[in-house]
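*Asks:* Sending over upload-v8.pdb (PDB, C-alpha atoms).
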```pdb
MODEL        1
ATOM      1  CA  TYR A   1      12.157  15.713  34.295
ATOM      2  CA  CYS A   2      15.134  16.488  36.571
ATOM      3  CA  ARG A   3      12.948  16.355  39.671
ATOM      4  CA  VAL A   4      15.802  16.129  42.198
ATOM      5  CA  GLN A   5      17.920  18.881  40.662
ATOM      6  CA  PRO A   6      16.568  21.573  43.039
ATOM      7  CA  PHE A   7      18.198  19.689  45.934
ATOM      8  CA  PHE A   8      21.614  20.151  44.309
ATOM      9  CA  ARG A   9      21.688  23.877  43.602
ATOM     10  CA  HIS A  10      24.986  24.012  45.534
ATOM     11  CA  ALA A  11      26.669  21.620  43.072
ATOM     12  CA  GLN A  12      27.289  21.191  39.381
ATOM     13  CA  TYR A  13      24.392  18.913  38.512
ATOM     14  CA  VAL A  14      24.552  17.007  35.228
ATOM     15  CA  SER A  15      21.549  14.955  34.148
ATOM     16  CA  ILE A  16      21.641  12.050  31.728
ATOM     17  CA  ASP A  17      18.793   9.888  30.465
ATOM     18  CA  SER A  18      18.070   7.687  27.484
ATOM     19  CA  THR A  19      14.657   9.409  27.134
ATOM     20  CA  VAL A  20      12.912   6.042  27.009
ATOM     21  CA  GLY A  21       9.982   6.456  29.339
ATOM     22  CA  GLU A  22       6.460   7.699  29.633
ATOM     23  CA  GLU A  23       5.190   9.770  26.706
ATOM     24  CA  THR A  24       4.166  12.590  29.054
ATOM     25  CA  TRP A  25       7.639  13.041  30.558
ATOM     26  CA  ASP A  26       9.490  16.220  29.675
ATOM     27  CA  PHE A  27      13.125  15.474  28.827
ATOM     28  CA  SER A  28      13.916  19.003  27.632
ATOM     29  CA  GLY A  29      15.934  19.833  30.773
ATOM     30  CA  LEU A  30      18.460  17.037  30.322
ATOM     31  CA  ASP A  31      22.127  17.889  29.920
ATOM     32  CA  ILE A  32      23.083  14.644  28.169
ATOM     33  CA  LEU A  33      21.039  12.224  26.102
ATOM     34  CA  GLY A  34      22.617   8.846  26.642
ATOM     35  CA  GLU A  35      22.537   5.411  28.187
ATOM     36  CA  ALA A  36      23.691   4.512  31.691
ATOM     37  CA  LEU A  37      25.274   1.448  30.080
ATOM     38  CA  ASP A  38      27.675   3.633  28.083
ATOM     39  CA  MET A  39      27.837   7.124  29.584
ATOM     40  CA  PRO A  40      29.613   9.800  27.571
ATOM     41  CA  ILE A  41      31.398  10.994  30.726
ATOM     42  CA  ARG A  42      35.135  11.012  31.470
ATOM     43  CA  ASP A  43      36.620   8.378  33.781
ATOM     44  CA  SER A  44      36.937   9.375  37.453
ATOM     45  CA  SER A  45      35.192  12.719  36.953
ATOM     46  CA  VAL A  46      32.039  12.459  39.103
ATOM     47  CA  ASP A  47      31.764  12.945  42.875
ATOM     48  CA  VAL A  48      28.255  11.544  43.261
ATOM     49  CA  CYS A  49      26.174   9.323  41.004
ATOM     50  CA  LEU A  50      22.408   9.240  41.575
ATOM     51  CA  ASN A  51      20.416   6.427  40.052
ATOM     52  CA  LEU A  52      16.831   6.669  41.179
ATOM     53  CA  VAL A  53      14.426   3.883  40.290
ATOM     54  CA  SER A  54      15.705   3.222  36.788
ATOM     55  CA  LEU A  55      17.966   0.199  37.263
ATOM     56  CA  GLU A  56      15.085  -2.164  36.449
ATOM     57  CA  HIS A  57      14.989  -0.678  32.952
ATOM     58  CA  TYR A  58      18.579  -1.602  32.028
ATOM     59  CA  ASN A  59      18.879  -4.828  30.077
ATOM     60  CA  HIS A  60      22.427  -5.254  31.428
ATOM     61  CA  PRO A  61      22.498  -3.874  34.989
ATOM     62  CA  ALA A  62      26.054  -5.103  35.615
ATOM     63  CA  ARG A  63      27.244  -2.860  32.763
ATOM     64  CA  ALA A  64      25.523   0.084  34.437
ATOM     65  CA  PHE A  65      27.376  -0.639  37.685
ATOM     66  CA  GLY A  66      30.604  -0.832  35.689
ATOM     67  CA  GLU A  67      29.845   2.617  34.289
ATOM     68  CA  PHE A  68      29.057   4.004  37.750
ATOM     69  CA  ALA A  69      32.408   2.686  38.984
ATOM     70  CA  ARG A  70      34.216   4.059  35.923
ATOM     71  CA  VAL A  71      32.915   7.646  36.149
ATOM     72  CA  LEU A  72      33.145   7.999  39.944
ATOM     73  CA  LYS A  73      36.204   9.684  41.388
ATOM     74  CA  PRO A  74      38.130   7.743  44.035
ATOM     75  CA  GLY A  75      36.007   8.075  47.173
ATOM     76  CA  GLY A  76      32.970   9.010  45.074
ATOM     77  CA  ARG A  77      29.544   7.772  46.075
ATOM     78  CA  LEU A  78      26.703   6.014  44.330
ATOM     79  CA  TYR A  79      23.207   6.605  45.690
ATOM     80  CA  LEU A  80      20.781   4.168  44.153
ATOM     81  CA  SER A  81      17.171   3.190  44.619
ATOM     82  CA  ALA A  82      15.918   0.031  42.900
ATOM     83  CA  PRO A  83      12.634  -1.847  43.235
ATOM     84  CA  CYS A  84      12.238  -5.309  44.676
ATOM     85  CA  ILE A  85       8.498  -5.343  43.977
ATOM     86  CA  SER A  86       6.681  -3.377  41.320
ATOM     87  CA  HIS A  87       4.215  -3.907  38.526
ATOM     88  CA  GLU A  88       5.494  -4.076  34.965
ATOM     89  CA  HIS A  89       5.857  -0.572  33.618
ATOM     90  CA  GLN A  90       7.427   1.278  30.698
ATOM     91  CA  ILE A  91       6.806  -1.889  28.712
ATOM     92  CA  PRO A  92       8.799  -3.393  26.985
ATOM     93  CA  HIS A  93      11.676  -1.695  28.832
ATOM     94  CA  ASP A  94      11.156  -3.344  32.237
ATOM     95  CA  PHE A  95      13.646  -6.138  32.882
ATOM     96  CA  PHE A  96      14.541  -6.804  36.538
ATOM     97  CA  ARG A  97      13.730  -6.504  40.240
ATOM     98  CA  PHE A  98      16.479  -6.479  42.863
ATOM     99  CA  THR A  99      17.101  -8.060  46.246
ATOM    100  CA  ARG A 100      19.720  -6.749  48.649
ATOM    101  CA  TYR A 101      21.928  -9.682  47.666
ATOM    102  CA  GLY A 102      21.628  -8.840  43.985
ATOM    103  CA  LEU A 103      22.515  -5.204  44.625
ATOM    104  CA  GLU A 104      25.480  -6.184  46.812
ATOM    105  CA  HIS A 105      26.665  -8.585  44.105
ATOM    106  CA  LEU A 106      26.418  -5.942  41.382
ATOM    107  CA  CYS A 107      28.415  -3.505  43.506
ATOM    108  CA  ARG A 108      31.048  -6.020  44.543
ATOM    109  CA  THR A 109      31.658  -7.370  41.035
ATOM    110  CA  GLN A 110      32.296  -3.842  39.776
ATOM    111  CA  GLY A 111      34.614  -2.832  42.607
ATOM    112  CA  LEU A 112      32.107  -0.713  44.501
ATOM    113  CA  GLU A 113      32.051  -1.024  48.287
ATOM    114  CA  VAL A 114      28.634  -1.128  49.927
ATOM    115  CA  GLU A 115      28.661   1.290  52.836
ATOM    116  CA  SER A 116      24.943   1.166  53.522
ATOM    117  CA  LEU A 117      22.035  -0.800  52.127
ATOM    118  CA  GLN A 118      18.604  -0.060  53.557
ATOM    119  CA  PRO A 119      15.149  -1.352  52.733
ATOM    120  CA  SER A 120      12.793   1.327  51.538
ATOM    121  CA  ASN A 121       9.732  -0.266  53.092
ATOM    122  CA  SER A 122       8.466  -3.248  55.033
ATOM    123  CA  MET A 123       6.607  -6.269  53.739
ATOM    124  CA  PHE A 124       3.326  -4.688  54.841
ATOM    125  CA  GLU A 125       4.038  -1.353  53.148
ATOM    126  CA  SER A 126       4.857  -3.310  50.004
ATOM    127  CA  ALA A 127       1.583  -5.256  50.303
ATOM    128  CA  VAL A 128      -0.423  -2.035  50.553
ATOM    129  CA  GLY A 129       1.429  -0.664  47.525
ATOM    130  CA  VAL A 130       0.655  -3.781  45.499
ATOM    131  CA  MET A 131      -2.990  -3.561  46.548
ATOM    132  CA  HIS A 132      -3.136   0.076  45.419
ATOM    133  CA  GLU A 133      -1.668  -0.946  42.046
ATOM    134  CA  ALA A 134      -4.207  -3.763  41.779
ATOM    135  CA  LEU A 135      -7.053  -1.329  42.473
ATOM    136  CA  GLU A 136      -6.033   0.662  39.397
ATOM    137  CA  MET A 137      -7.186  -2.324  37.325
ATOM    138  CA  VAL A 138     -10.749  -2.191  38.693
ATOM    139  CA  PRO A 139     -12.672  -0.605  35.798
ATOM    140  CA  ASP A 140     -15.669   0.616  37.782
ATOM    141  CA  GLU A 141     -14.677   3.868  39.511
ATOM    142  CA  GLU A 142     -17.304   3.526  42.258
ATOM    143  CA  ARG A 143     -16.090   0.035  43.183
ATOM    144  CA  ARG A 144     -12.464   1.141  42.968
ATOM    145  CA  SER A 145     -13.211   4.022  45.330
ATOM    146  CA  LYS A 146     -15.011   1.744  47.829
ATOM    147  CA  LEU A 147     -12.167  -0.781  47.772
ATOM    148  CA  ALA A 148      -9.609   1.990  48.252
ATOM    149  CA  GLY A 149     -11.599   3.209  51.248
ATOM    150  CA  ILE A 150     -11.564  -0.280  52.785
ATOM    151  CA  LEU A 151      -7.834  -0.560  52.140
ATOM    152  CA  GLU A 152      -7.194   2.795  53.813
ATOM    153  CA  SER A 153      -9.565   2.335  56.753
ATOM    154  CA  GLU A 154      -9.196  -1.391  57.499
ATOM    155  CA  PHE A 155      -5.886  -2.748  56.183
ATOM    156  CA  GLN A 156      -3.559   0.245  56.406
ATOM    157  CA  PRO A 157      -4.024   0.823  60.170
ATOM    158  CA  VAL A 158      -3.472  -2.862  60.943
ATOM    159  CA  PHE A 159      -0.332  -3.039  58.821
ATOM    160  CA  ASP A 160       0.946   0.240  60.316
ATOM    161  CA  ALA A 161       0.398  -1.105  63.841
ATOM    162  CA  ILE A 162       2.221  -4.346  63.057
ATOM    163  CA  ASP A 163       5.110  -2.414  61.518
ATOM    164  CA  LYS A 164       5.345  -0.120  64.530
ATOM    165  CA  ASN A 165       5.043  -2.839  67.184
ATOM    166  CA  GLU A 166       7.076  -5.558  65.509
ATOM    167  CA  ARG A 167       9.828  -3.282  64.175
ATOM    168  CA  THR A 168       9.557  -4.968  60.774
ATOM    169  CA  PHE A 169      11.365  -2.121  59.066
ATOM    170  CA  VAL A 170      15.010  -2.460  60.053
ATOM    171  CA  ASP A 171      18.278  -1.434  58.520
ATOM    172  CA  TYR A 172      20.366  -4.199  57.036
ATOM    173  CA  PRO A 173      22.087  -6.315  58.213
ATOM    174  CA  GLU A 174      20.131  -6.369  61.515
ATOM    175  CA  PRO A 175      17.915  -9.457  61.505
ATOM    176  CA  SER A 176      14.175  -9.091  61.408
ATOM    177  CA  SER A 177      11.332 -11.458  62.207
ATOM    178  CA  PHE A 178       9.728 -10.420  58.923
ATOM    179  CA  HIS A 179      11.021 -10.560  55.358
ATOM    180  CA  GLN A 180      12.280  -7.247  54.018
ATOM    181  CA  PHE A 181      11.822  -5.634  50.623
ATOM    182  CA  PRO A 182      14.892  -3.583  49.698
TER     183      PRO A 182
ENDMDL
END
```
Translate the structure of the given file into structure tokens.

*Replies:*
Amino acid sequence: YCRVQPFFRHAQYVSIDSTVGEETWDFSGLDILGEALDMPIRDSSVDVCLNLVSLEHYNHPARAFGEFARVLKPGGRLYLSAPCISHEHQIPHDFFRFTRYGLEHLCRTQGLEVESLQPSNSMFESAVGVMHEALEMVPDEERRSKLAGILESEFQPVFDAIDKNERTFVDYPEPSSFHQFP
């Protein structure tokens, strides 16, 4: 389950998870079983906190940010990825989606300074992702395959061209002519 651990072989990597997730996930490699809302970790003892696409599963995200702030050493860094758009998943443990303003607010209210906030994809990339998720609901595999082919051959190139030519994917806070999805 600790899929990013290989990138941190140079560091002391400690993994924590509540183990609430998909039945097929293997939690046997975790170091700590626990909640991000109440981490059994000493104050000011962590250099880097990684929170990758799990914030939407916390029923009190502000408490999680308070815990990140509590365990980080002075000058420590939080790297976080949170969805703005996604289908409901890990039901009933799926509570929120986040805008850049919501993420900035959660950081600010817990004393965390935002150094960088970047969208992960453009509006068009998000649209293609939503369409792929919608295709999963088509029960007939032959139809699903045909629709996926149309999406890949007709829509994807157009959206890619618009993204490339219109520079819709920009780092915050640079303005964009298109809405962003953080």

*Asks:* Using only C-alpha atoms, find the one residue out of A:Arg9, A:Lys164, A:Arg143, A:Lys73 that sits nearest to Leu112 (chain A).

*Replies:*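 Comparing A:Arg9, A:Lys164, A:Arg143, A:Lys73 against Leu112 (chain A), the winner is A:Lys73.
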
*Asks:* Quick one: everything within 8 Å of Tyr79 (chain A), counting all atoms listed in the file, minus sequence neighbours fewer than 2 positions away in the same chain. Send it as JSON, numbers by chain.

*Replies:* {"A": [48, 49, 50, 51, 52, 77, 81]}

*Asks:* How many Å lie between CA of Leu78 (chain A) and CA of Asp47 (chain A), rounded to one decimal?

*Replies:*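 These two atoms are separated by 8.7 Å.
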
*Asks:* For CA of His93 (chain A) and CA of Arg144 (chain A), quote the distance in Å rounded to one decimal.

*Replies:*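 These two atoms are separated by 28.1 Å.
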
*Asks:* Can you tell me, as a PyMOL selection string, what residues are no more than 9 Å from Cys107 (chain A) when counting only C-alpha atoms, ignoring any on the same chain fewer than 5 positions away?

*Replies:* chain A and resi 62+65-66+69+102+112-114

*Asks:* Any chance you could resolve the PyMOL selection byres ((chain A and resi 33) around 8) against this file and give the residues as a VMD selection string?

*Replies:* chain A and resid 16 to 19 30 to 32 34 to 35

*Asks:* Can you tell me how far CA of Met39 (chain A) sits from CA of Glu104 (chain A), in Å to one decimal?

*Replies:*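 Atom-to-atom, CA of Met39 (chain A) and CA of Glu104 (chain A) are spaced 21.9 Å apart.
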
*Asks:* Considering all atoms listed in the file, can you say which of A:Ile91, A:Val138, A:Ala161, A:Gly129 comes closest to Glu22 (chain A)?

*Replies:*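 Nearest candidate to Glu22 (chain A) out of A:Ile91, A:Val138, A:Ala161, A:Gly129: A:Ile91.
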
*Asks:* Compare A:Leu72, A:Ala127, A:Ile41, A:Leu103 by their minimum atom-to-atom distance to Ile85 (chain A), counting all atoms listed in the file, and give me the closest one.

*Replies:*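 That would be A:Ala127, the residue with the smallest distance to Ile85 (chain A).
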
*Asks:* Quick check on the file I pasted: which residues fall under the PyMOL selection byres ((chain A and resi 83) around 7)? Write them as an MDAnalysis selection string.

*Replies:* chainID A and resid 53 81:82 84:86 97:98

*Asks:* Can I get the selected residues back with C-alpha atoms, as a PDB file, in the frame of the given file?

*Replies:*
```pdb
ATOM      1  CA  VAL A  53      14.426   3.883  40.290  1.00  0.00           C
ATOM      2  CA  SER A  81      17.171   3.190  44.619  1.00  0.00           C
ATOM      3  CA  ALA A  82      15.918   0.031  42.900  1.00  0.00           C
ATOM      4  CA  CYS A  84      12.238  -5.309  44.676  1.00  0.00           C
ATOM      5  CA  ILE A  85       8.498  -5.343  43.977  1.00  0.00           C
ATOM      6  CA  SER A  86       6.681  -3.377  41.320  1.00  0.00           C
ATOM      7  CA  ARG A  97      13.730  -6.504  40.240  1.00  0.00           C
ATOM      8  CA  PHE A  98      16.479  -6.479  42.863  1.00  0.00           C
TER       9      PHE A  98
END
```

*Asks:* Smallest atom-to-atom distance to Tyr101 (chain A): which of A:Glu142, A:Glu88, A:Pro119, A:Phe155, using all atoms listed in the file?

*Replies:* A:Pro119

*Asks:* Tell me which of A:Asn121, A:Val128, A:Pro92, A:Gln5 sits closest to Glu154 (chain A), counting all atoms listed in the file.

*Replies:*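 Distance minimum relative to Glu154 (chain A) lands on A:Val128.
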
*Asks:* Let me make sure I understand: among A:Cys2, A:Phe7, A:Leu80, A:Ile150, which one has the smallest atom-to-atom distance to Leu106 (chain A) if we use all atoms listed in the file?

*Replies:*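 The shortest atom-to-atom distance to Leu106 (chain A) comes from A:Leu80.
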